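Each remark here refers to the structure printed beneath this line.
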Amino acid sequence: MTEIDIEKENKAIAHEYKELLRISYQTLSPTDKKLIRKAFDVAVDAHKEQRRKSGEAYIFHPIAVAKIVASEIGLGATSIAAALLHDVVEDTPITVEDIERLFNPKVAQLVEGLTKISLVQKDLNASMQAENFRKMILTLNDDVRVILIKLADRLHNMQTMDSMAEYKQTKIASETLYIYAPLAHRLGLYNIKTKLEDLGLKYTEPAIYNDIVSKIRETKEEQDAYIKDISDVLKKSLDNEGVDYIIKGRPKSIYSIRRKMRAQNVTFDEVYDKFALRIVYKADPHDEKFIAWKIYSIVTDHYRPSPSRLRDWISSPKSTGYEALHITVMGPKGRWVEVQVRSERMDEIAEKGYAAHYKYKNGATEESGLDVWLNLLREALENPETNAVDFVEDFKMNLYSKEIFVFTPKGEIKSLPKGATSLDFAFSIHSEIGIKTRGTRVNGRLVPLNYELKSGDQVEVITSPNQKPTVNWLEYVTTSRAKNKIKNVLNENTKKIAEEGKELLVRKLKHLKVTFNEQVTNELVNFFKLKTSLDLFYRVGIGAIENQQLKDYAAQKSNSFINFFKNKIKRNKDTTAAEDIHKPVISSNYDMLVFGTEHDKLDYKLSQCCNPIPGDDVFGFVTINEGIKVHKKDCPNAIGMQSNYAYRIMSAKWIDSSQEEFKAIINITGMDVLGLTNQLTRVISNNMSVNIQSISLSTDAGIFHGQIAVIVKNNTILKKMINAIKKIDGVDKVTREYRT
């Protein structure tokens, strides 16, 4: 570069720095400006030899990230300094310790968090990518501003990807749509979310993106004229009422138009609400609500509203803090138009997310304003044992899901993701309440635990100290909080059964004159074709391994000649598996395929186009000549089948048959002895592996009749329970009913 070019570049860098200070959302004190200047000087010096792929000086990137942090996210001096320094530890000899010495521990902590994220390997398969995302989210425990600065970094990288190789563009854009856009959405940063989504589409589906962009340009004049027509009508009435406001026309994002085209299977021209009108008004906090509804009244005086599309987020703000009134009205030429009504304060919160919240709280600081955030996101970190892909999918679902608002019996309002059930509600109040939930009432009516809630429902939870979650509960909930809690309790119960099973196994082996030790445990694990010792103890505990099977093992063990050869053959296999046998996990044995919500066992064939294996995510397809064919959910033919023959699709899943539960109906007769009912329920409840589904008892002239429906894991447990009932004083006959 020539001296003139260097001088020109230095002037441009100085200009960008001044611009950064000018556009800061926060009011910067002299101390703040000093901190930012020092960070700027250190970053300029550290990156002086570096250039970006496009050829420009590298320092333009950290300055651009700092500008997004300062103006679009609205953070203060600490975050602006960290944004300027976010690449120095990764790319230059400067260390985190140097930053702490030069600045302060908070700036150093933020830079270290950003460096951790950047050091995540990039070219990985889906599960490793998910695992690394989980590690990245764990940095939220330190300071949520790390993720906010990372979003700014990602946005600028997306804005300057033109000089990158195509495969890198596609990869980074896909990751942006998969993780970063949902995060921006959940943080209430709607501008950044929209930009990330549009840029993501630009690089993942360039032809579609360019087509929509050109069509928006072609129709811009017509749309501007249309918005002006509506604005002119509304202005007249708003002025007459003395409202202080501005009206802005806002085109829908390219990504949302694409989503609508795909979801509704329509062309660009058939997407009607491609733009919205936003009315932003000035108001004292006391009058905000009153003026919003006044504007609603004016809008609906002129244009007919769609009652089903009114969204009142002023009375019940979203959990991101978003407040607004959305009215969809029938505009001129028979087109639906969305009108958004917000005060200036609401508009700032919509643009800046939580950064704007603390500005409106007296005496609040940047840190305290973001505390709310940490609480919202910590839930996703509660269960670090979760499979990484499940974690990311659950996390994304909770990030992107639409909200419903329901009421407690005392009238308090609770926000839940759309699709949440009454059992999700119980867990949202407190995990202990969720675990003990026996039933739920919605609007005074008793409903099943998997009842899907709607906005406005009032929910009451009925608890019982004896209630315990079952495996089925995992299908009754949608929120990751509820799923994690249920899994934890089920694991505890499973371990308890395994402990009892171990004691039982020791007694049974003693009876068979076999000494229980590590070698015997390993032999039994191999004999029953299991994976871990915990699998063995658990199956003994639930009665899945019967006495005869243990006798077979003992007989085989005593035959030393056969045993010698078997050991010879098995030795290699045993040594490799030995270290895994004592893992403290119960491995899933995906050996049974069930269909529909009732888990029906039906005849099926595995399709050859995708060759599903046990454990895969699958669905059933009812064919005309070959019965049910099972396909993987990501089978190349899946989309075609699901869109053209939706009525022939059956839900299906692999389960572990040892974990499955069965229903049995028991009939009991006897003499009506005092306390018999109490004894009966106690005997059943004392058995950990039995749940009562229904109970019907009656007496007639001293004779007692009872019918009990129970859920059990297998026949051994059922026989044990029947024998215990027969021993109750007064019971005459206990029979199992077989219904045809």
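The chains in the structure tokens are called A, B, ... from first to last as shown; in each chain the residues are counted from 1, and the ligands are counted from 1 in the order shown.
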
Selection: 7 Å around segment 457-461 of chain A, only C-alpha atoms, excl. self and same-chain fewer than 3 positions, as a PyMOL selection string: chain A and resi 406-409+426+437+439-443+453-454

Next, dump the selected residues to file, keeping only N, CA, C and O atoms, as a compact mmCIF listing (two decimals), in the first residue's frame.
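As written to disk, out-v8.txt reads:
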# COMPACT_ATOMS: atom_id res chain seq x y z
N VAL A 406 -51.55 -17.93 30.64
CA VAL A 406 -52.58 -18.61 31.42
C VAL A 406 -52.56 -18.08 32.85
O VAL A 406 -51.60 -17.45 33.28
N PHE A 407 -53.64 -18.39 33.58
CA PHE A 407 -53.79 -17.84 34.93
C PHE A 407 -53.74 -18.94 35.98
O PHE A 407 -54.20 -20.06 35.76
N THR A 408 -53.17 -18.59 37.15
CA THR A 408 -53.21 -19.49 38.31
C THR A 408 -54.58 -19.33 38.97
O THR A 408 -55.31 -18.39 38.66
N PRO A 409 -54.95 -20.22 39.92
CA PRO A 409 -56.25 -20.06 40.60
C PRO A 409 -56.40 -18.70 41.29
O PRO A 409 -57.51 -18.19 41.44
N ALA A 426 -47.81 -27.19 35.65
CA ALA A 426 -47.47 -27.62 37.02
C ALA A 426 -45.97 -27.49 37.27
O ALA A 426 -45.53 -26.99 38.31
N THR A 437 -47.90 -34.01 40.83
CA THR A 437 -49.20 -33.72 40.19
C THR A 437 -50.00 -34.99 39.98
O THR A 437 -49.54 -35.94 39.34
N GLY A 439 -53.49 -34.56 39.14
CA GLY A 439 -54.48 -34.18 38.14
C GLY A 439 -54.48 -32.67 37.96
O GLY A 439 -53.84 -31.93 38.71
N THR A 440 -55.18 -32.19 36.93
CA THR A 440 -55.28 -30.75 36.69
C THR A 440 -56.70 -30.38 36.30
O THR A 440 -57.40 -31.14 35.62
N ARG A 441 -57.10 -29.18 36.75
CA ARG A 441 -58.39 -28.62 36.34
C ARG A 441 -58.13 -27.39 35.49
O ARG A 441 -57.33 -26.54 35.86
N VAL A 442 -58.79 -27.29 34.36
CA VAL A 442 -58.69 -26.10 33.52
C VAL A 442 -60.08 -25.48 33.43
O VAL A 442 -61.04 -26.16 33.06
N ASN A 443 -60.17 -24.22 33.83
CA ASN A 443 -61.45 -23.50 33.88
C ASN A 443 -62.50 -24.29 34.67
O ASN A 443 -63.66 -24.41 34.28
N LEU A 453 -52.95 -26.31 26.62
CA LEU A 453 -53.51 -25.07 27.15
C LEU A 453 -53.65 -24.00 26.07
O LEU A 453 -52.91 -23.99 25.10
N LYS A 454 -54.63 -23.12 26.29
CA LYS A 454 -54.84 -21.99 25.38
C LYS A 454 -54.76 -20.70 26.20
O LYS A 454 -55.03 -20.71 27.40

Residues near Arg258 of chain A, cut-off 10 Å, only C-alpha atoms, skip fewer than 2 positions along chain, as a ChimeraX atom specification: /A:198,201,208-209,212,253-256,260-263,266-268,271

Print the selection's residues with N, CA, C and O atoms to a file, as a PDB file, in the first residue's frame.
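Listed below is the output, out30.pdb:
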ATOM      1  N   ASP A 198     -32.544 -12.839   7.160  1.00  0.00           N
ATOM      2  CA  ASP A 198     -32.475 -12.450   5.743  1.00  0.00           C
ATOM      3  C   ASP A 198     -31.113 -12.812   5.145  1.00  0.00           C
ATOM      4  O   ASP A 198     -31.027 -13.336   4.031  1.00  0.00           O
ATOM      5  N   LEU A 201     -30.795 -16.551   4.637  1.00  0.00           N
ATOM      6  CA  LEU A 201     -31.496 -16.974   3.418  1.00  0.00           C
ATOM      7  C   LEU A 201     -30.669 -16.626   2.172  1.00  0.00           C
ATOM      8  O   LEU A 201     -30.605 -17.393   1.219  1.00  0.00           O
ATOM      9  N   ILE A 208     -33.741 -17.950  -4.487  1.00  0.00           N
ATOM     10  CA  ILE A 208     -35.037 -17.541  -3.920  1.00  0.00           C
ATOM     11  C   ILE A 208     -34.914 -16.156  -3.291  1.00  0.00           C
ATOM     12  O   ILE A 208     -35.773 -15.294  -3.463  1.00  0.00           O
ATOM     13  N   TYR A 209     -33.811 -15.941  -2.564  1.00  0.00           N
ATOM     14  CA  TYR A 209     -33.575 -14.643  -1.916  1.00  0.00           C
ATOM     15  C   TYR A 209     -33.567 -13.525  -2.961  1.00  0.00           C
ATOM     16  O   TYR A 209     -34.271 -12.522  -2.819  1.00  0.00           O
ATOM     17  N   ILE A 212     -37.039 -12.788  -4.453  1.00  0.00           N
ATOM     18  CA  ILE A 212     -37.927 -12.018  -3.559  1.00  0.00           C
ATOM     19  C   ILE A 212     -37.474 -10.562  -3.501  1.00  0.00           C
ATOM     20  O   ILE A 212     -38.295  -9.641  -3.566  1.00  0.00           O
ATOM     21  N   SER A 253     -39.998  -8.948   6.459  1.00  0.00           N
ATOM     22  CA  SER A 253     -38.639  -9.371   6.106  1.00  0.00           C
ATOM     23  C   SER A 253     -38.695 -10.391   4.968  1.00  0.00           C
ATOM     24  O   SER A 253     -39.699 -11.085   4.782  1.00  0.00           O
ATOM     25  N   ILE A 254     -37.588 -10.477   4.237  1.00  0.00           N
ATOM     26  CA  ILE A 254     -37.493 -11.407   3.100  1.00  0.00           C
ATOM     27  C   ILE A 254     -37.694 -12.840   3.597  1.00  0.00           C
ATOM     28  O   ILE A 254     -38.402 -13.640   2.992  1.00  0.00           O
ATOM     29  N   TYR A 255     -37.077 -13.134   4.742  1.00  0.00           N
ATOM     30  CA  TYR A 255     -37.152 -14.485   5.311  1.00  0.00           C
ATOM     31  C   TYR A 255     -38.587 -14.841   5.676  1.00  0.00           C
ATOM     32  O   TYR A 255     -39.045 -15.955   5.431  1.00  0.00           O
ATOM     33  N   SER A 256     -39.325 -13.889   6.271  1.00  0.00           N
ATOM     34  CA  SER A 256     -40.706 -14.194   6.687  1.00  0.00           C
ATOM     35  C   SER A 256     -41.628 -14.345   5.472  1.00  0.00           C
ATOM     36  O   SER A 256     -42.568 -15.129   5.496  1.00  0.00           O
ATOM     37  N   LYS A 260     -43.647 -17.755   4.678  1.00  0.00           N
ATOM     38  CA  LYS A 260     -45.088 -17.741   4.382  1.00  0.00           C
ATOM     39  C   LYS A 260     -45.367 -18.437   3.046  1.00  0.00           C
ATOM     40  O   LYS A 260     -46.323 -19.191   2.921  1.00  0.00           O
ATOM     41  N   MET A 261     -44.527 -18.168   2.038  1.00  0.00           N
ATOM     42  CA  MET A 261     -44.702 -18.802   0.719  1.00  0.00           C
ATOM     43  C   MET A 261     -44.629 -20.325   0.859  1.00  0.00           C
ATOM     44  O   MET A 261     -45.408 -21.056   0.258  1.00  0.00           O
ATOM     45  N   ARG A 262     -43.668 -20.775   1.676  1.00  0.00           N
ATOM     46  CA  ARG A 262     -43.483 -22.219   1.847  1.00  0.00           C
ATOM     47  C   ARG A 262     -44.616 -22.825   2.680  1.00  0.00           C
ATOM     48  O   ARG A 262     -45.180 -23.854   2.309  1.00  0.00           O
ATOM     49  N   ALA A 263     -44.953 -22.180   3.801  1.00  0.00           N
ATOM     50  CA  ALA A 263     -45.976 -22.726   4.708  1.00  0.00           C
ATOM     51  C   ALA A 263     -47.344 -22.799   4.038  1.00  0.00           C
ATOM     52  O   ALA A 263     -48.089 -23.763   4.225  1.00  0.00           O
ATOM     53  N   VAL A 266     -47.811 -20.792  -1.516  1.00  0.00           N
ATOM     54  CA  VAL A 266     -48.303 -19.717  -2.395  1.00  0.00           C
ATOM     55  C   VAL A 266     -47.122 -19.012  -3.062  1.00  0.00           C
ATOM     56  O   VAL A 266     -45.973 -19.171  -2.652  1.00  0.00           O
ATOM     57  N   THR A 267     -47.433 -18.226  -4.095  1.00  0.00           N
ATOM     58  CA  THR A 267     -46.391 -17.445  -4.772  1.00  0.00           C
ATOM     59  C   THR A 267     -46.206 -16.113  -4.045  1.00  0.00           C
ATOM     60  O   THR A 267     -47.006 -15.760  -3.172  1.00  0.00           O
ATOM     61  N   PHE A 268     -45.184 -15.354  -4.453  1.00  0.00           N
ATOM     62  CA  PHE A 268     -44.916 -14.041  -3.849  1.00  0.00           C
ATOM     63  C   PHE A 268     -46.150 -13.141  -3.942  1.00  0.00           C
ATOM     64  O   PHE A 268     -46.528 -12.487  -2.974  1.00  0.00           O
ATOM     65  N   VAL A 271     -48.888 -13.651  -1.311  1.00  0.00           N
ATOM     66  CA  VAL A 271     -48.646 -13.275   0.090  1.00  0.00           C
ATOM     67  C   VAL A 271     -49.181 -11.856   0.264  1.00  0.00           C
ATOM     68  O   VAL A 271     -48.614 -10.901  -0.271  1.00  0.00           O
TER      69      VAL A 271
END

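Among A:His185, A:Leu84, A:Gly242, A:Gly411, the residue with the shortest atom-to-atom distance to Leu35 of chain A, counting only C-alpha atoms, is A:Leu84.
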
Test item, alpha helix (DSSP H) assignment across segment 412-612 of chain A, answer as a ChimeraX atom specification: /A:422-429,431-435,473-476,480-511,518-527,533-541,547-558,560-581

Shortest interatomic distance to Trp313 of chain A - which of A:Lys38, A:Arg342, A:Arg145, A:Lys713, counting only C-alpha atoms: A:Arg342

Polymer residues at most 10 Å from segment 471-474 of chain A, only C-alpha atoms, same-chain spacing of 4 or more positions, as a ChimeraX atom specification: /A:423,435,449-450,478-479,482-487,490,659-661

Polymer residues at most 7 Å from Leu606 of chain A, only C-alpha atoms, same-chain spacing of 6 or more positions, as a PyMOL selection string: chain A and resi 612+629-631

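Atom pair atom CA of Tyr245 of chain A / atom CA of Val280 of chain A: separated by 5.5 Å.
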